[in-house]
Each structure stands twice: as C-alpha cells, then as structure tokens.
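Shown below: protein.tsv, with TSV, C-alpha atoms.
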```tsv
chain	number	residue	atom	x	y	z
C	1	MET	CA	-5.23	18.67	22.67
C	2	LYS	CA	-8.08	18.94	20.15
C	3	LYS	CA	-5.67	19.10	17.21
C	4	SER	CA	-3.74	16.10	18.57
C	5	PHE	CA	-6.96	14.07	18.79
C	6	GLN	CA	-7.90	15.07	15.24
C	7	SER	CA	-4.46	14.10	13.94
C	8	VAL	CA	-4.68	10.68	15.64
C	9	ALA	CA	-8.19	10.10	14.25
C	10	LEU	CA	-7.16	11.11	10.73
C	11	GLY	CA	-4.05	8.92	10.96
C	12	PHE	CA	-6.16	5.97	12.09
C	13	GLN	CA	-8.47	6.55	9.14
C	14	HIS	CA	-5.45	6.44	6.81
C	15	VAL	CA	-4.45	3.09	8.30
C	16	LEU	CA	-7.95	1.68	7.80
C	17	ALA	CA	-8.10	3.04	4.23
C	18	MET	CA	-4.93	1.19	3.28
C	19	TYR	CA	-5.41	-1.83	5.56
C	20	ALA	CA	-7.59	-3.87	3.20
C	21	GLY	CA	-5.09	-3.50	0.35
C	22	ALA	CA	-2.18	-4.23	2.66
C	23	VAL	CA	-3.80	-7.45	3.90
C	24	VAL	CA	-5.25	-8.69	0.61
C	25	VAL	CA	-1.88	-8.67	-1.17
C	26	PRO	CA	-0.04	-11.08	1.19
C	27	LEU	CA	-3.11	-13.34	1.36
C	28	VAL	CA	-3.40	-13.53	-2.43
C	29	VAL	CA	0.34	-13.91	-3.06
C	30	GLY	CA	0.89	-16.31	-0.15
C	31	GLY	CA	-2.08	-18.43	-1.18
C	32	GLY	CA	-0.96	-18.34	-4.80
C	33	ILE	CA	2.49	-19.76	-4.04
C	34	GLY	CA	1.26	-22.26	-1.45
C	35	LEU	CA	2.49	-20.85	1.86
C	36	SER	CA	1.41	-22.48	5.13
C	37	PRO	CA	-0.98	-20.70	7.56
C	38	MET	CA	1.96	-19.87	9.84
C	39	GLN	CA	3.89	-18.36	6.93
C	40	LEU	CA	0.80	-16.42	5.82
C	41	THR	CA	0.46	-14.99	9.33
C	42	TYR	CA	4.06	-13.79	9.22
C	43	LEU	CA	3.59	-12.39	5.73
C	44	VAL	CA	0.58	-10.30	6.79
C	45	SER	CA	2.33	-9.09	9.96
C	46	ILE	CA	5.56	-8.08	8.25
C	47	ASP	CA	3.65	-6.39	5.43
C	48	ILE	CA	1.73	-4.16	7.88
C	49	PHE	CA	4.99	-3.38	9.70
C	50	MET	CA	6.83	-2.53	6.47
C	51	CYS	CA	3.95	-0.33	5.26
C	52	GLY	CA	4.61	1.84	8.32
C	53	ILE	CA	8.38	1.91	7.77
C	54	ALA	CA	7.95	2.70	4.06
C	55	THR	CA	5.50	5.52	4.86
C	56	ILE	CA	7.92	7.06	7.37
C	57	LEU	CA	10.71	6.96	4.78
C	58	GLN	CA	8.52	8.90	2.35
C	59	VAL	CA	7.12	11.44	4.80
C	60	TRP	CA	10.50	12.12	6.49
C	61	LYS	CA	12.07	14.59	4.04
C	62	ASN	CA	15.85	14.92	4.16
C	63	ARG	CA	18.78	15.45	1.79
C	64	PHE	CA	18.68	11.93	0.35
C	65	PHE	CA	15.11	10.61	0.39
C	66	GLY	CA	11.51	11.49	1.21
C	67	VAL	CA	9.10	13.61	-0.85
C	68	GLY	CA	7.84	15.33	2.31
C	69	LEU	CA	4.13	14.95	1.49
C	70	PRO	CA	1.44	12.99	3.41
C	71	VAL	CA	2.00	9.85	1.32
C	72	VAL	CA	0.92	6.44	2.59
C	73	LEU	CA	2.85	3.51	1.10
C	74	GLY	CA	1.64	-0.04	0.65
C	75	CYS	CA	2.34	-3.04	-1.54
C	76	THR	CA	1.61	-2.33	-5.18
C	77	PHE	CA	-1.17	-4.49	-6.65
C	78	THR	CA	0.68	-4.34	-9.96
C	79	ALA	CA	3.23	-6.77	-8.50
C	80	VAL	CA	0.75	-9.46	-7.37
C	81	GLY	CA	0.51	-11.41	-10.64
C	82	PRO	CA	4.23	-11.17	-11.47
C	83	MET	CA	5.26	-12.28	-7.96
C	84	ILE	CA	3.02	-15.35	-8.13
C	85	ALA	CA	4.38	-16.19	-11.60
C	86	ILE	CA	7.99	-15.82	-10.42
C	87	GLY	CA	7.25	-17.96	-7.36
C	88	HIS	CA	5.77	-20.75	-9.47
C	89	GLU	CA	8.64	-20.68	-11.97
C	90	TYR	CA	11.68	-20.16	-9.76
C	91	GLY	CA	10.54	-20.45	-6.12
C	92	ILE	CA	9.86	-17.97	-3.33
C	93	SER	CA	13.56	-17.05	-2.95
C	94	SER	CA	13.57	-15.63	-6.49
C	95	ILE	CA	10.63	-13.36	-5.60
C	96	TYR	CA	12.72	-11.64	-2.94
C	97	GLY	CA	15.84	-11.55	-5.09
C	98	SER	CA	13.84	-9.84	-7.83
C	99	ILE	CA	12.36	-7.36	-5.33
C	100	LEU	CA	15.83	-6.46	-4.02
C	101	ALA	CA	17.20	-5.95	-7.52
C	102	SER	CA	14.23	-3.79	-8.57
C	103	GLY	CA	14.63	-1.62	-5.45
C	104	LEU	CA	18.29	-1.04	-6.23
C	105	PHE	CA	17.34	-0.23	-9.82
C	106	VAL	CA	14.82	2.39	-8.65
C	107	ILE	CA	17.45	4.09	-6.48
C	108	LEU	CA	19.97	4.11	-9.32
C	109	ILE	CA	17.58	5.57	-11.92
C	110	SER	CA	15.70	7.96	-9.59
C	111	LYS	CA	17.81	10.96	-10.63
C	112	TYR	CA	17.24	10.31	-14.32
C	113	PHE	CA	13.62	9.20	-14.03
C	114	GLY	CA	12.88	12.44	-12.16
C	115	LYS	CA	13.96	14.40	-15.23
C	116	LEU	CA	11.28	12.63	-17.28
C	117	VAL	CA	8.45	14.05	-15.18
C	118	ARG	CA	7.87	16.78	-17.76
C	119	PHE	CA	6.76	14.01	-20.16
C	120	PHE	CA	4.13	12.79	-17.67
C	121	PRO	CA	1.32	15.37	-17.83
C	122	PRO	CA	-1.72	14.91	-15.56
C	123	VAL	CA	-3.59	13.02	-18.29
C	124	VAL	CA	-0.86	10.33	-18.26
C	125	THR	CA	-0.36	9.94	-14.51
C	126	GLY	CA	-4.10	10.29	-13.92
C	127	SER	CA	-4.81	7.53	-16.45
C	128	VAL	CA	-2.35	5.17	-14.72
C	129	VAL	CA	-3.89	5.80	-11.30
C	130	THR	CA	-7.39	5.36	-12.76
C	131	ILE	CA	-6.49	2.08	-14.47
C	132	ILE	CA	-4.98	0.71	-11.26
C	133	GLY	CA	-8.11	1.77	-9.39
C	134	ILE	CA	-10.30	-0.01	-11.94
C	135	THR	CA	-8.24	-3.20	-11.56
C	136	LEU	CA	-9.04	-3.13	-7.82
C	137	ILE	CA	-12.81	-3.25	-8.45
C	138	PRO	CA	-12.94	-7.08	-8.52
C	139	VAL	CA	-11.19	-7.18	-5.13
C	140	ALA	CA	-13.70	-4.68	-3.70
C	141	MET	CA	-16.65	-6.60	-5.15
C	142	SER	CA	-15.34	-9.84	-3.68
C	143	ASN	CA	-14.94	-8.23	-0.27
C	144	MET	CA	-18.46	-6.78	-0.47
C	145	ALA	CA	-19.81	-10.26	-1.08
C	146	GLY	CA	-18.05	-11.59	2.03
C	147	GLY	CA	-14.55	-12.42	0.82
C	148	GLN	CA	-13.38	-15.33	-1.31
C	149	GLY	CA	-14.02	-18.66	0.39
C	150	SER	CA	-16.64	-17.41	2.85
C	151	LYS	CA	-19.61	-19.74	3.43
C	152	ASP	CA	-22.15	-16.94	2.90
C	153	PHE	CA	-20.45	-15.41	-0.14
C	154	GLY	CA	-22.87	-13.11	-1.95
C	155	SER	CA	-25.56	-13.29	0.74
C	156	VAL	CA	-28.10	-10.49	1.12
C	157	SER	CA	-26.72	-9.61	4.57
C	158	ASN	CA	-23.19	-9.17	3.22
C	159	ILE	CA	-24.32	-6.99	0.32
C	160	SER	CA	-26.57	-4.96	2.62
C	161	LEU	CA	-23.72	-4.35	5.07
C	162	ALA	CA	-21.43	-3.21	2.26
C	163	PHE	CA	-23.92	-0.77	0.74
C	164	GLY	CA	-25.06	0.36	4.18
C	165	THR	CA	-21.48	1.30	5.06
C	166	LEU	CA	-21.11	3.11	1.73
C	167	ILE	CA	-24.36	5.04	2.28
C	168	VAL	CA	-23.24	6.15	5.77
C	169	ILE	CA	-19.97	7.48	4.32
C	170	ILE	CA	-21.78	9.30	1.50
C	171	LEU	CA	-24.30	10.87	3.89
C	172	ILE	CA	-21.55	12.10	6.22
C	173	GLN	CA	-19.67	13.53	3.24
C	174	ARG	CA	-22.83	15.26	2.00
C	175	PHE	CA	-24.30	16.70	5.19
C	176	SER	CA	-21.33	17.31	7.53
C	177	THR	CA	-18.42	19.72	7.49
C	178	GLY	CA	-14.96	20.15	8.94
C	179	PHE	CA	-13.40	17.37	10.99
C	180	ILE	CA	-16.48	15.08	10.93
C	181	ARG	CA	-16.49	15.15	7.15
C	182	ALA	CA	-12.74	14.47	7.07
C	183	VAL	CA	-13.18	11.24	9.07
C	184	SER	CA	-16.24	10.04	7.15
C	185	ILE	CA	-14.51	6.80	6.09
C	186	LEU	CA	-13.51	6.04	9.68
C	187	LEU	CA	-17.05	6.68	10.95
C	188	GLY	CA	-18.52	4.58	8.16
C	189	LEU	CA	-16.22	1.67	8.99
C	190	ILE	CA	-17.13	1.92	12.68
C	191	ALA	CA	-20.85	1.94	11.85
C	192	GLY	CA	-20.47	-1.00	9.46
C	193	THR	CA	-18.46	-3.02	11.98
C	194	ALA	CA	-21.04	-2.33	14.71
C	195	ALA	CA	-23.81	-3.52	12.41
C	196	ALA	CA	-21.79	-6.62	11.50
C	197	GLU	CA	-21.28	-7.35	15.20
C	198	LEU	CA	-25.06	-7.26	15.79
C	199	LEU	CA	-25.46	-9.74	12.93
C	200	GLY	CA	-22.83	-12.06	14.43
C	201	LYS	CA	-20.35	-11.54	11.60
C	202	VAL	CA	-17.45	-10.23	13.70
C	203	ASN	CA	-15.08	-12.62	15.44
C	204	PHE	CA	-12.44	-11.15	17.75
C	205	SER	CA	-11.08	-14.48	19.02
C	206	PRO	CA	-8.04	-14.44	16.67
C	207	VAL	CA	-7.19	-10.97	18.01
C	208	ALA	CA	-7.48	-12.16	21.61
C	209	SER	CA	-5.25	-15.18	20.98
C	210	ALA	CA	-2.57	-13.25	19.06
C	211	SER	CA	0.66	-12.19	20.79
C	212	TRP	CA	1.07	-8.52	21.73
C	213	PHE	CA	4.54	-8.26	20.15
C	214	HIS	CA	6.11	-9.79	17.08
C	215	ILE	CA	9.73	-9.10	16.24
C	216	PRO	CA	10.42	-8.84	12.48
C	217	VAL	CA	13.11	-11.25	11.34
C	218	PRO	CA	15.09	-10.55	8.13
C	219	LEU	CA	15.01	-13.35	5.56
C	220	PHE	CA	12.45	-15.27	7.65
C	221	LEU	CA	10.82	-17.05	4.70
C	222	ALA	CA	13.70	-17.37	2.25
C	223	VAL	CA	17.20	-16.21	1.39
C	224	PRO	CA	16.98	-14.25	-1.89
C	225	SER	CA	18.17	-15.81	-5.12
C	226	PHE	CA	18.43	-14.05	-8.45
C	227	GLN	CA	16.98	-14.96	-11.85
C	228	TRP	CA	17.21	-12.53	-14.75
C	229	THR	CA	13.64	-13.14	-15.91
C	230	GLY	CA	12.24	-12.38	-12.48
C	231	ILE	CA	14.48	-9.34	-12.05
C	232	LEU	CA	13.44	-7.81	-15.39
C	233	THR	CA	9.80	-8.47	-14.60
C	234	MET	CA	9.97	-6.72	-11.23
C	235	ILE	CA	11.92	-3.80	-12.73
C	236	LEU	CA	9.05	-3.25	-15.19
C	237	VAL	CA	6.60	-3.43	-12.28
C	238	ALA	CA	8.70	-0.88	-10.37
C	239	MET	CA	8.70	1.55	-13.32
C	240	VAL	CA	4.91	1.34	-13.63
C	241	SER	CA	4.68	1.99	-9.88
C	242	LEU	CA	6.89	5.08	-10.25
C	243	VAL	CA	4.49	6.52	-12.81
C	244	GLU	CA	1.59	5.81	-10.43
C	245	SER	CA	3.47	7.43	-7.56
C	246	THR	CA	4.19	10.48	-9.71
C	247	GLY	CA	0.45	11.00	-10.12
C	248	VAL	CA	-0.01	10.64	-6.36
C	249	TYR	CA	2.75	13.19	-5.67
C	250	PHE	CA	1.15	15.80	-7.91
C	251	ALA	CA	-2.33	15.12	-6.54
C	252	LEU	CA	-1.08	15.67	-3.00
C	253	SER	CA	0.87	18.70	-4.15
C	254	ASP	CA	-2.42	20.24	-5.32
C	255	ILE	CA	-4.21	19.27	-2.10
C	256	THR	CA	-1.55	20.66	0.22
C	257	GLY	CA	-0.67	23.67	-1.93
C	258	LYS	CA	3.00	22.71	-1.88
C	259	ARG	CA	4.86	23.11	-5.16
C	260	LEU	CA	7.07	20.13	-5.99
C	261	SER	CA	10.56	20.55	-7.36
C	262	GLU	CA	12.43	18.02	-9.44
C	263	GLU	CA	14.60	17.20	-6.41
C	264	ASP	CA	11.51	16.52	-4.29
C	265	ILE	CA	10.30	13.96	-6.80
C	266	ILE	CA	13.74	12.35	-7.05
C	267	ARG	CA	13.87	12.01	-3.26
C	268	GLY	CA	10.41	10.45	-3.39
C	269	TYR	CA	11.61	7.87	-5.89
C	270	ARG	CA	14.65	7.11	-3.73
C	271	ALA	CA	12.42	6.57	-0.70
C	272	GLU	CA	10.37	4.05	-2.67
C	273	GLY	CA	13.52	2.27	-3.86
C	274	LEU	CA	14.76	2.04	-0.27
C	275	ALA	CA	11.35	0.76	0.88
C	276	ILE	CA	11.41	-1.91	-1.84
C	277	ILE	CA	14.89	-3.08	-0.73
C	278	LEU	CA	13.77	-3.28	2.90
C	279	GLY	CA	10.71	-5.20	1.73
C	280	GLY	CA	12.96	-7.75	0.03
C	281	LEU	CA	15.23	-8.09	3.06
C	282	PHE	CA	12.32	-8.70	5.42
C	283	ASN	CA	10.58	-11.02	2.94
C	284	ALA	CA	7.73	-8.58	2.38
C	285	PHE	CA	6.80	-6.78	-0.83
C	286	PRO	CA	7.64	-3.87	-3.16
C	287	TYR	CA	6.01	-0.68	-1.90
C	288	THR	CA	4.45	2.28	-3.69
C	289	ALA	CA	2.22	5.27	-2.95
C	290	PHE	CA	-1.39	4.20	-2.24
C	291	SER	CA	-3.78	6.27	-4.32
C	292	GLN	CA	-6.79	5.28	-2.15
C	293	ASN	CA	-5.34	7.37	0.67
C	294	VAL	CA	-5.22	10.50	-1.48
```

Produce structure tokens that represent the structure in this file.
Amino acid sequence: MKKSFQSVALGFQHVLAMYAGAVVVPLVVGGGIGLSPMQLTYLVSIDIFMCGIATILQVWKNRFFGVGLPVVLGCTFTAVGPMIAIGHEYGISSIYGSILASGLFVILISKYFGKLVRFFPPVVTGSVVTIIGITLIPVAMSNMAGGQGSKDFGSVSNISLAFGTLIVIILIQRFSTGFIRAVSILLGLIAGTAAAELLGKVNFSPVASASWFHIPVPLFLAVPSFQWTGILTMILVAMVSLVESTGVYFALSDITGKRLSEEDIIRGYRAEGLAIILGGLFNAFPYTAFSQNV
C-alpha cells in the first residue's frame, strides 16, 4: 500500500512537472494563429489527453515500439514557431498535414536514425537538451511574473510567490531524504498554491464549471492538407526532437541502470513517430520526450 501511494504521488509530480509546458504550447500556438476561446479550450484538453497516450506508447515496451524507460512525452517547444509560421502561410489544416507527414517520416527513418546514435556522444545530446532548456527560460520568467496578459504582471507578490516556491523546493531537496526528497517539486507546488490562495490569486471557478468528461474527436479543428514547405519544416523539427530524445533516453538509462540497445532506441523513435501521427489525427501536436521530467 505504501509503495502504491508513493508511485501515485511520484506520477502526479511528473504530471505537474510537464503540465506547464503542455498547457503553454497550445495557448501560444492557438493564440498565434487566431483560434477562438472554444477552440483553445479543445486544444488544451486534447493536448493533455495526447500527452498521456504518447507517454503510454513510450513506456509500454513491445516488439514494435516503446523504449521501456520512464519517459514522459509532451509537445516539443521546437515546433511552436514553425507551426505558427505554417498556420499563417497555409492555414491550420496545413499544420496538421505537416505533423502527420513528419510522424510518418520518423517511423520510416527510425531504423536508420538509430544506427547514427554512435555519432551522438553525450556532449552532443547534452548540448541539444541544454539549448532547449535555455530557450524555455523566457517562458519560465514570464510565468514567474504572472503570465503574459495578467493585470499584475511583474508585481512583487508574483515574484515573491515564484521565488518562495523555488526556495521551498530547494530546502526540501537539501534537508530531506528518501520519498520526501523525491516529491520535492510536488510539495513545493502545493505550498506555492496554498500561499497563492491566501493572497487571492487562485480561482477554481473555471474548474467547477468545466464538464467532467470530454470525448476526443479526430479532426475536430481541421482536416489535414499538405504543403511541401510545411512538411519539410516539420521534418526538420522532428529530427531535432529525435536528437533531444536520444539525450533523454541515455540520461534515463544512467538513472535507472538499464543499458540501452540499438533496438531499444529504434523502438523509442517509432513510439514518438506514432505519437506524432496520433497528434496530427486528433488536431494536437508533435510529441517528444520532456527533459524537465528527467
């Protein structure tokens, strides 16, 4: 029972660690291409749903796909700018056509791309993951200030809450051990949310008014169309994401003590290709391993 509780708590922490990235991407992309509030709501919902499906595909190791490591998948931030550009140039349908084509491309090249892993030493994959992490700093800074568009953006209370949450996490990491230390991010988020509630910054009314169930509908926003420029762009994005994922695979391999074979990596690439295709069919996004969960 104790181990089950710990697993649930650690899993919940993983969800919270990836949640901000999973929500920011549809809000930025949807806002960038001019979607309505109703369409944005669907985009956020289907993205969260597909993050779960994509993660299951990667964790569930079988003959054809799945690296079999505790990988959490979410929408790659590398795709945000290209998707907005494709949407402006060719329309939202071309975004999903390009995503579908790039997913198929990943599946087709996975066997051959896996053989190139020997040319990606830790200094290469680590650099890619680091660069992607650095590009996320502006998003984190914006969230710390209160989020783009907030009336109190950059206020002392917002900055204090952000650093207060960070300090709680650091203190738990420094002075605790075992399970408590493992869920330091979760405990920090709970403490920060409680403090925000006392300051009147938490509003649960949208949660109360939301429906309990939402059935995903394929091609809800648009039927995919295909433009070569968009397809080539998303293929390049997919290849960059594969390099990032390779770094994540090896990092988790070190953490778990499980040695990765070439076939394991190939199955991991196939899982990502399948997740990208499903993302296109459900009008979501291309998915990749989230380094923040490592």

Residues of segment 58-132 of chain C that approach segment 13-31 of chain C to 9 Å or less, counting only C-alpha atoms: could you list each one with the shortest pair of atoms and its distance in Å to one decimal, rows by chain and increasing residue number, as a tab-separated table?
```
residue	atom	partner	partner_atom	distance
C:Val72	CA	C:His14	CA	7.6
C:Leu73	CA	C:Met18	CA	8.4
C:Gly74	CA	C:Ala22	CA	6.0
C:Cys75	CA	C:Ala22	CA	6.3
C:Thr76	CA	C:Val25	CA	8.3
C:Phe77	CA	C:Val25	CA	6.9
C:Val80	CA	C:Val29	CA	6.2
C:Gly81	CA	C:Val29	CA	8.0
C:Met83	CA	C:Val29	CA	7.1
C:Ile84	CA	C:Val29	CA	5.9
```

Preceding selection exported with C-alpha atoms as an mmCIF file, in the coordinates of the input:
```cif
data_model
loop_
_atom_site.group_PDB
_atom_site.id
_atom_site.type_symbol
_atom_site.label_atom_id
_atom_site.label_comp_id
_atom_site.auth_asym_id
_atom_site.auth_seq_id
_atom_site.Cartn_x
_atom_site.Cartn_y
_atom_site.Cartn_z
ATOM 1 C CA VAL C 72 0.920 6.440 2.590
ATOM 2 C CA LEU C 73 2.850 3.510 1.100
ATOM 3 C CA GLY C 74 1.640 -0.040 0.650
ATOM 4 C CA CYS C 75 2.340 -3.040 -1.540
ATOM 5 C CA THR C 76 1.610 -2.330 -5.180
ATOM 6 C CA PHE C 77 -1.170 -4.490 -6.650
ATOM 7 C CA VAL C 80 0.750 -9.460 -7.370
ATOM 8 C CA GLY C 81 0.510 -11.410 -10.640
ATOM 9 C CA MET C 83 5.260 -12.280 -7.960
ATOM 10 C CA ILE C 84 3.020 -15.350 -8.130
#
```

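For the pair atom CA of Ile235 of chain C and atom CA of Pro122 of chain C, the interatomic distance is 23.3 Å.
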
Atom CA of Phe290 of chain C to atom CA of Leu43 of chain C, straight-line distance in Å: 19.1 Å

Set the distance at 10 Å and use all atoms listed in the file: which residues neighbour segment 249-253 of chain C once local chain neighbours fewer than 2 positions away are removed? I'd like the list as a VMD selection string. chain C and resid 67 to 71 121 to 122 125 to 126 243 to 247 255 to 260 264 to 265 268 289 291 294

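Reported to one decimal place, the separation of atom CA of Val183 of chain C from atom CA of Gly11 of chain C is 9.6 Å.
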
Residues proximal to (12.3, -12.6, -5.5) were defined as those with any atom within 10 Å of that point in the file's coordinates, counting only C-alpha atoms. Which are they, as an MDAnalysis selection string? chainID C and resid 83 86:87 90:102 222:227 230:231 234 280 283:285

Counting all atoms listed in the file, find the residues whose atoms lie at most 12 Å from (-21.7, 5.6, 2.5) (file coordinates) and write them out as a PDB file with C-alpha atoms, in the coordinates of the input.
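selection_33.pdb written:
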```pdb
ATOM      1  CA  SER C 160     -26.570  -4.960   2.620  1.00  0.00           C
ATOM      2  CA  LEU C 161     -23.720  -4.350   5.070  1.00  0.00           C
ATOM      3  CA  ALA C 162     -21.430  -3.210   2.260  1.00  0.00           C
ATOM      4  CA  PHE C 163     -23.920  -0.770   0.740  1.00  0.00           C
ATOM      5  CA  GLY C 164     -25.060   0.360   4.180  1.00  0.00           C
ATOM      6  CA  THR C 165     -21.480   1.300   5.060  1.00  0.00           C
ATOM      7  CA  LEU C 166     -21.110   3.110   1.730  1.00  0.00           C
ATOM      8  CA  ILE C 167     -24.360   5.040   2.280  1.00  0.00           C
ATOM      9  CA  VAL C 168     -23.240   6.150   5.770  1.00  0.00           C
ATOM     10  CA  ILE C 169     -19.970   7.480   4.320  1.00  0.00           C
ATOM     11  CA  ILE C 170     -21.780   9.300   1.500  1.00  0.00           C
ATOM     12  CA  LEU C 171     -24.300  10.870   3.890  1.00  0.00           C
ATOM     13  CA  ILE C 172     -21.550  12.100   6.220  1.00  0.00           C
ATOM     14  CA  GLN C 173     -19.670  13.530   3.240  1.00  0.00           C
ATOM     15  CA  ARG C 174     -22.830  15.260   2.000  1.00  0.00           C
ATOM     16  CA  PHE C 175     -24.300  16.700   5.190  1.00  0.00           C
ATOM     17  CA  ARG C 181     -16.490  15.150   7.150  1.00  0.00           C
ATOM     18  CA  SER C 184     -16.240  10.040   7.150  1.00  0.00           C
ATOM     19  CA  ILE C 185     -14.510   6.800   6.090  1.00  0.00           C
ATOM     20  CA  LEU C 186     -13.510   6.040   9.680  1.00  0.00           C
ATOM     21  CA  LEU C 187     -17.050   6.680  10.950  1.00  0.00           C
ATOM     22  CA  GLY C 188     -18.520   4.580   8.160  1.00  0.00           C
ATOM     23  CA  LEU C 189     -16.220   1.670   8.990  1.00  0.00           C
ATOM     24  CA  ILE C 190     -17.130   1.920  12.680  1.00  0.00           C
ATOM     25  CA  ALA C 191     -20.850   1.940  11.850  1.00  0.00           C
ATOM     26  CA  GLY C 192     -20.470  -1.000   9.460  1.00  0.00           C
TER      27      GLY C 192
END
```

For segment 199-208 of chain C, work out the shell of residues within 10 Å, counting all atoms listed in the file and skipping chain neighbours fewer than 2 positions away, then give it as a ChimeraX atom specification. /C:146,157-158,161,193-197,210-212

Could you give me the axis-aligned bounding box of segment 44-59 of chain C, with 3 Å of padding per side, as centre plus edge lengths in Å to one decimal, as AutoDock Vina command-line options?
```
--center_x 5.6 --center_y 0.6 --center_z 6.2 --size_x 16.1 --size_y 27.7 --size_z 13.6
```

Fewer than 6 positions away in the same chain doesn't count, so skip those; otherwise give me all residues within 9 Å of Ile107 of chain C, counting all atoms listed in the file, as an MDAnalysis selection string. chainID C and resid 269:274
